[in-house]
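Participant: Sharing a structure below in structure tokens format, with a few things to ask.
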Amino acid sequence: MARVFSGIQPSGVPTLGNYLGAIRNWVALQAAHECVFCVVDLHAITVWQDPAALRQATREMAASVIACGIDPARHILFHQSAVPAHAQLAWIFNCVARLGWLNRMTQFKDKSGSDREAASAGLYVYPNLMAADILAYHATLVPVGDDQRQHIELANDIAQKFNHDYAADFFPQIQAAIPAISARVMSLRDGTKKMSKSDPSDQSRISLTDDADTIVQKIRKAKTDPAPLPATLAELEHRPEARNLVGIFAALTDTPAQSVLDRFAGQGFGQFKPVLAECVAEALAPIRAETRRLMADIPALDALLRQGAARAAAIATPILAEAEALVGLLPR
Ligand code: TYM
């Protein structure tokens, strides 16, 4: 049975993009896999986070993930900094990964922007920590959105080079599980940018904690074009905003995008948007309610995370010890 690992940064409130691109898949994989899910606070601090806001976001992220349907009793949910094996294995991987590999990472280029000299060293080696997250559990299946594809490829390069350098068949190859329809949910303000929890504009995203009125208002204001919805997917190719809204509706209703066009072709956004907004609001209402319920008892939530961390450490610590032994580090 393949072990599943995935992570999410507590760098804000989770978005509809996180849900459709990743968390929904996490929930589905629980039925037939052993799953480890992690709120990756060490990744979040690669860019500055307000300490109080980070604490709040870490708990809220864990609560949202449970509210989406992750079962912390049957599977493992914890925050990354509670299991030191992640940072320890990441250090070994810092010594395995090559600068040339990291220089090719598009996420570093995007996130460091025009002032690369001012980016943290942590942001640069971010992909090595992500490889450690997965490989510390010998996980082989990683459900993520499309934007993580390059990081998974790098994790495989690291695993392969480690195995080669230390003449061991130790780390397995990883497979990304990327959804067919909603692998890339785009911003409501700009259909060429991905929807992100850290975008400065709250209007660019639907957050899992938005109430129905906010959702209706954000979708009403979402950027579109004046043409009605077309009859074929090919006609959406140069209409990124329209394509995005059709994709969201398709994903939420579990229907192919073509069926959405069959139903709405010829109608304008004035007709389509209210139907879409109702569908989004209906899907998110129970998640929002359950997140609030869980956030009302912080000691219980923290206890759940601690139990998750203990179970995670029980898997990761022996794997780390074996990796350290292969490298030639003396046992503790
Ligand atoms: P993060 O926190 O940016 O996003 C969490 C998950 O949501 C997916 N996602 C999206 N999918 C579709 N459309 C979008 N607009 C969208 N935005 C985000 C992401 O692909 C991701 O699956 N580096 C990771 C966190 C991480 C991780 C890991 C993931 C750290 N270690 C190990 C997997 C395995 C990240 O920044 O995700």
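Following the order of the structure tokens, chains are lettered A, B, ..., residues in each are numbered from 1, and ligands are numbered from 1.
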Run DSSP on the backbone and tell me which residues of stretch 37-149 of chain A come out as alpha helix (DSSP H); list them as a VMD selection string.
Facilitator: chain A and resid 41 to 44 51 to 68 85 to 94 99 to 103 106 to 112 121 to 124 126 to 135 149
Participant: Would you pick out the contacts of A:Pro10 at 12 Å or less, using only C-alpha atoms, so that residues sharing its chain but fewer than 6 positions from it are not included, and give the list as a PyMOL selection string?
Facilitator: chain A and resi 18+38-47+49-51+53-65+79-80+196-198
Participant: As a ChimeraX atom specification, please: the residues near A:Ile92 (cut-off 12 Å, only C-alpha atoms, same-chain neighbours under 5 positions excluded).
Facilitator: /A:85-87,97,125,128-129,131-132,135-136,158-159,161-162,320-321,323-329
Participant: Can you tell me, as a short mmCIF file (atom, residue, chain, number, x, y, z; two decimals) with all heavy atoms, in the first residue's frame, what residues are no more than 12 Å from A:Leu304 when counting only C-alpha atoms, ignoring any on the same chain fewer than 5 positions away?
Facilitator:
data_model
loop_
_atom_site.label_atom_id
_atom_site.label_comp_id
_atom_site.auth_asym_id
_atom_site.auth_seq_id
_atom_site.Cartn_x
_atom_site.Cartn_y
_atom_site.Cartn_z
N ARG A 59 -3.20 26.78 13.41
CA ARG A 59 -4.36 26.08 14.00
C ARG A 59 -5.55 26.10 13.04
O ARG A 59 -6.24 25.09 12.86
CB ARG A 59 -4.76 26.75 15.31
CG ARG A 59 -3.71 26.53 16.40
CD ARG A 59 -4.19 27.12 17.71
NE ARG A 59 -3.29 26.76 18.79
CZ ARG A 59 -2.60 27.64 19.51
NH1 ARG A 59 -2.73 28.94 19.30
NH2 ARG A 59 -1.81 27.23 20.48
N ALA A 62 -5.15 23.58 10.29
CA ALA A 62 -5.42 22.22 10.76
C ALA A 62 -6.93 22.02 10.89
O ALA A 62 -7.48 20.99 10.45
CB ALA A 62 -4.72 21.97 12.09
N ALA A 63 -7.62 23.02 11.48
CA ALA A 63 -9.07 22.91 11.66
C ALA A 63 -9.77 22.81 10.30
O ALA A 63 -10.68 21.98 10.11
CB ALA A 63 -9.59 24.11 12.45
N ILE A 66 -9.37 19.36 8.72
CA ILE A 66 -10.27 18.38 9.36
C ILE A 66 -11.70 18.62 8.88
O ILE A 66 -12.43 17.70 8.52
CB ILE A 66 -10.19 18.46 10.90
CG1 ILE A 66 -8.78 18.12 11.38
CG2 ILE A 66 -11.22 17.52 11.55
CD1 ILE A 66 -8.53 18.40 12.87
N ASP A 71 -9.59 12.72 8.49
CA ASP A 71 -9.89 12.05 9.75
C ASP A 71 -8.60 11.89 10.56
O ASP A 71 -7.79 11.01 10.26
CB ASP A 71 -10.51 10.67 9.44
CG ASP A 71 -10.85 9.90 10.70
OD1 ASP A 71 -10.44 10.33 11.80
OD2 ASP A 71 -11.54 8.87 10.59
N PRO A 72 -8.40 12.75 11.58
CA PRO A 72 -7.12 12.71 12.30
C PRO A 72 -6.99 11.51 13.23
O PRO A 72 -5.92 11.28 13.80
CB PRO A 72 -7.13 14.02 13.10
CG PRO A 72 -8.56 14.37 13.26
CD PRO A 72 -9.31 13.76 12.12
N ALA A 73 -8.05 10.73 13.37
CA ALA A 73 -7.94 9.53 14.20
C ALA A 73 -7.39 8.37 13.36
O ALA A 73 -6.53 7.61 13.81
CB ALA A 73 -9.31 9.17 14.78
N ARG A 74 -7.86 8.25 12.12
CA ARG A 74 -7.41 7.14 11.27
C ARG A 74 -6.12 7.46 10.52
O ARG A 74 -5.36 6.58 10.16
CB ARG A 74 -8.51 6.78 10.25
CG ARG A 74 -9.66 6.00 10.90
CD ARG A 74 -10.61 5.42 9.87
NE ARG A 74 -9.90 4.78 8.76
CZ ARG A 74 -10.14 5.03 7.48
NH1 ARG A 74 -11.04 5.92 7.12
NH2 ARG A 74 -9.47 4.41 6.54
N HIS A 75 -5.91 8.76 10.24
CA HIS A 75 -4.71 9.17 9.52
C HIS A 75 -3.91 10.14 10.39
O HIS A 75 -4.30 10.38 11.53
CB HIS A 75 -5.10 9.76 8.16
CG HIS A 75 -5.80 8.74 7.30
ND1 HIS A 75 -5.12 7.85 6.51
CD2 HIS A 75 -7.10 8.44 7.16
CE1 HIS A 75 -5.98 7.05 5.90
NE2 HIS A 75 -7.20 7.38 6.29
N ILE A 76 -2.82 10.68 9.84
CA ILE A 76 -1.94 11.51 10.67
C ILE A 76 -2.00 12.96 10.21
O ILE A 76 -1.81 13.24 9.03
CB ILE A 76 -0.49 10.96 10.60
CG1 ILE A 76 -0.43 9.54 11.19
CG2 ILE A 76 0.48 11.90 11.32
CD1 ILE A 76 0.96 8.90 11.13
N LEU A 77 -2.28 13.86 11.15
CA LEU A 77 -2.29 15.30 10.86
C LEU A 77 -1.49 15.99 11.97
O LEU A 77 -1.73 15.76 13.15
CB LEU A 77 -3.73 15.83 10.84
CG LEU A 77 -3.87 17.34 10.64
CD1 LEU A 77 -3.45 17.75 9.23
CD2 LEU A 77 -5.31 17.80 10.90
N PHE A 78 -0.54 16.83 11.57
CA PHE A 78 0.33 17.48 12.57
C PHE A 78 0.96 18.71 11.96
O PHE A 78 0.82 18.96 10.76
CB PHE A 78 1.43 16.50 13.03
CG PHE A 78 2.43 16.16 11.94
CD1 PHE A 78 3.72 16.68 11.96
CD2 PHE A 78 2.06 15.37 10.87
CE1 PHE A 78 4.62 16.39 10.95
CE2 PHE A 78 2.96 15.08 9.84
CZ PHE A 78 4.23 15.59 9.89
N HIS A 79 1.64 19.50 12.80
CA HIS A 79 2.39 20.64 12.25
C HIS A 79 3.87 20.28 12.18
O HIS A 79 4.43 19.67 13.09
CB HIS A 79 2.09 21.94 12.98
CG HIS A 79 2.46 21.96 14.42
ND1 HIS A 79 1.85 21.17 15.36
CD2 HIS A 79 3.39 22.68 15.08
CE1 HIS A 79 2.38 21.41 16.54
NE2 HIS A 79 3.32 22.31 16.39
N LEU A 294 -14.36 23.70 15.49
CA LEU A 294 -13.07 23.18 15.95
C LEU A 294 -12.21 24.30 16.56
O LEU A 294 -11.50 24.07 17.54
CB LEU A 294 -12.31 22.53 14.78
CG LEU A 294 -12.92 21.22 14.27
CD1 LEU A 294 -12.41 20.89 12.87
CD2 LEU A 294 -12.60 20.07 15.24
N ASP A 297 -12.39 25.28 20.40
CA ASP A 297 -11.75 24.51 21.46
C ASP A 297 -10.28 24.29 21.09
O ASP A 297 -9.89 23.22 20.62
CB ASP A 297 -12.48 23.16 21.65
CG ASP A 297 -12.00 22.42 22.89
OD1 ASP A 297 -10.99 22.85 23.49
OD2 ASP A 297 -12.63 21.40 23.25
N ILE A 298 -9.47 25.32 21.33
CA ILE A 298 -8.05 25.28 20.95
C ILE A 298 -7.29 24.16 21.70
O ILE A 298 -6.50 23.45 21.09
CB ILE A 298 -7.39 26.66 21.17
CG1 ILE A 298 -8.04 27.71 20.25
CG2 ILE A 298 -5.88 26.62 20.95
CD1 ILE A 298 -7.81 27.50 18.78
N PRO A 299 -7.53 23.97 23.04
CA PRO A 299 -6.79 22.89 23.71
C PRO A 299 -7.05 21.53 23.05
O PRO A 299 -6.11 20.73 22.89
CB PRO A 299 -7.33 22.92 25.15
CG PRO A 299 -7.79 24.35 25.33
CD PRO A 299 -8.31 24.79 24.01
N ALA A 309 1.62 14.45 15.77
CA ALA A 309 3.08 14.61 15.70
C ALA A 309 3.79 13.39 16.29
O ALA A 309 4.81 12.93 15.75
CB ALA A 309 3.50 15.88 16.43
N ALA A 310 3.25 12.85 17.37
CA ALA A 310 3.89 11.68 17.99
C ALA A 310 3.84 10.49 17.03
O ALA A 310 4.82 9.75 16.88
CB ALA A 310 3.19 11.34 19.31
N ARG A 311 2.70 10.34 16.34
CA ARG A 311 2.58 9.22 15.40
C ARG A 311 3.46 9.45 14.17
O ARG A 311 4.04 8.51 13.63
CB ARG A 311 1.11 9.01 15.01
CG ARG A 311 0.30 8.41 16.17
CD ARG A 311 -1.19 8.62 15.98
NE ARG A 311 -1.67 8.01 14.76
CZ ARG A 311 -2.73 8.46 14.06
NH1 ARG A 311 -3.38 9.53 14.47
NH2 ARG A 311 -3.10 7.84 12.98
#
Participant: Using only C-alpha atoms and all ligand atoms, find the one residue out of A:Ala167, A:Ala52, A:Ile248, A:Met1 that sits nearest to ligand 1.
Facilitator: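 Smallest separation from ligand 1 among the options: A:Ile248.
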Participant: Neighbours of A:Leu245 within 9 Å (only C-alpha atoms; same-chain residues fewer than 2 positions away dropped), as a list in words?
Facilitator: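 Final neighbour list, sorted by chain and number: Val185, Met186, Leu188, Ile219, Thr224, Pro240, Glu241, Ala242, Arg243, Gly247, Ile248, Phe249, Ala250, Lys273 and Leu276 of chain A.
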Participant: Generate a file of the selected residues that holds C-alpha atoms, formatted as a PDB file, in the first residue's frame.
Facilitator:
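File produced: selection-v9.pdb:
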ATOM      1  CA  VAL A 185      -7.612  27.372  -9.966  1.00  0.00           C
ATOM      2  CA  MET A 186      -6.909  30.943 -11.053  1.00  0.00           C
ATOM      3  CA  LEU A 188     -10.756  35.970  -9.668  1.00  0.00           C
ATOM      4  CA  ILE A 219     -18.035  36.034  -7.741  1.00  0.00           C
ATOM      5  CA  THR A 224     -14.864  38.250 -16.949  1.00  0.00           C
ATOM      6  CA  PRO A 240      -8.751  32.645 -19.049  1.00  0.00           C
ATOM      7  CA  GLU A 241     -11.272  34.179 -16.626  1.00  0.00           C
ATOM      8  CA  ALA A 242     -14.243  32.476 -18.285  1.00  0.00           C
ATOM      9  CA  ARG A 243     -12.362  29.190 -18.442  1.00  0.00           C
ATOM     10  CA  GLY A 247     -13.544  24.932 -14.380  1.00  0.00           C
ATOM     11  CA  ILE A 248     -14.575  25.755 -10.798  1.00  0.00           C
ATOM     12  CA  PHE A 249     -18.196  24.869 -11.536  1.00  0.00           C
ATOM     13  CA  ALA A 250     -17.143  21.641 -13.263  1.00  0.00           C
ATOM     14  CA  LYS A 273     -22.355  33.767 -11.964  1.00  0.00           C
ATOM     15  CA  LEU A 276     -21.867  29.348  -9.658  1.00  0.00           C
TER      16      LEU A 276
END
Participant: So which one's closest to A:Ile174, A:Thr140, A:Thr232, A:Ser120, A:Ser112? Using only C-alpha atoms, please.
Facilitator: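 Of the candidates, the smallest distance to A:Ile174 is held by A:Thr140.
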Participant: Excluding stretch 256-262 of chain A and any residue of its chain fewer than 2 positions from it, enumerate the residues within 7 Å of it, using only C-alpha atoms, and give them as a list in words.
Facilitator: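 Contacts, with the query itself left out: Leu229, Pro230, Ala231, Thr232, Leu233, Val246, Gly247, Ala250, Asp254, Phe264 and Ala265 of chain A.
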Participant: Looking at A:Leu89, A:Cys279, A:Leu20, A:Val96, which one is nearest to ligand 1, with distances taken over only C-alpha atoms and all ligand atoms?
Facilitator: A:Leu20
Participant: Identify which of the residues A:Pro179, A:Gly122, A:Gly113, A:Pro226 lies closest to ligand 1, counting only C-alpha atoms and all ligand atoms when measuring atom-to-atom distances.
Facilitator: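 Among A:Pro179, A:Gly122, A:Gly113, A:Pro226, it is A:Pro179 that comes nearest to ligand 1.
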Participant: Identify which of the residues A:Ala67, A:Ala168, A:Val216, A:Val36 lies closest to A:Pro274, counting only C-alpha atoms when measuring atom-to-atom distances.
Facilitator: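 So, comparing all the options, the nearest one is A:Val216.
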Participant: Write out as a ChimeraX atom specification all residues of stretch 13-208 of chain A that backbone DSSP assigns to strand (DSSP E or B).
Facilitator: /A:15,34-39,76-79,141-143,175-177,186,194,207
Participant: How would the residues just picked look written out with C-alpha atoms as a CSV table (one decimal), in the first residue's frame?
Facilitator:
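Final output, result.csv:
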chain,number,residue,atom,x,y,z
A,15,THR,CA,-8.6,28.9,-0.6
A,34,GLU,CA,-2.2,5.3,4.9
A,35,CYS,CA,-2.0,9.1,4.8
A,36,VAL,CA,0.2,11.7,6.5
A,37,PHE,CA,-0.9,15.3,6.2
A,38,CYS,CA,1.2,18.2,7.5
A,39,VAL,CA,0.7,21.9,8.1
A,76,ILE,CA,-1.9,11.5,10.7
A,77,LEU,CA,-2.3,15.3,10.9
A,78,PHE,CA,0.3,17.5,12.6
A,79,HIS,CA,2.4,20.6,12.2
A,141,LEU,CA,2.1,9.2,-3.6
A,142,VAL,CA,1.8,13.0,-3.2
A,143,PRO,CA,-1.5,14.7,-3.9
A,175,GLN,CA,4.5,10.1,-7.8
A,176,ALA,CA,2.6,13.3,-7.8
A,177,ALA,CA,-1.2,12.8,-7.9
A,186,MET,CA,-6.9,30.9,-11.1
A,194,LYS,CA,-3.1,31.3,-9.7
A,207,SER,CA,-11.4,31.5,1.2
Participant: Mind giving me the straight-line distance from atom CA of A:Gln148 to atom CA of A:Leu29 in Å, one decimal?
Facilitator: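 Value for the atom CA of A:Gln148-atom CA of A:Leu29 distance: 18.0 Å.
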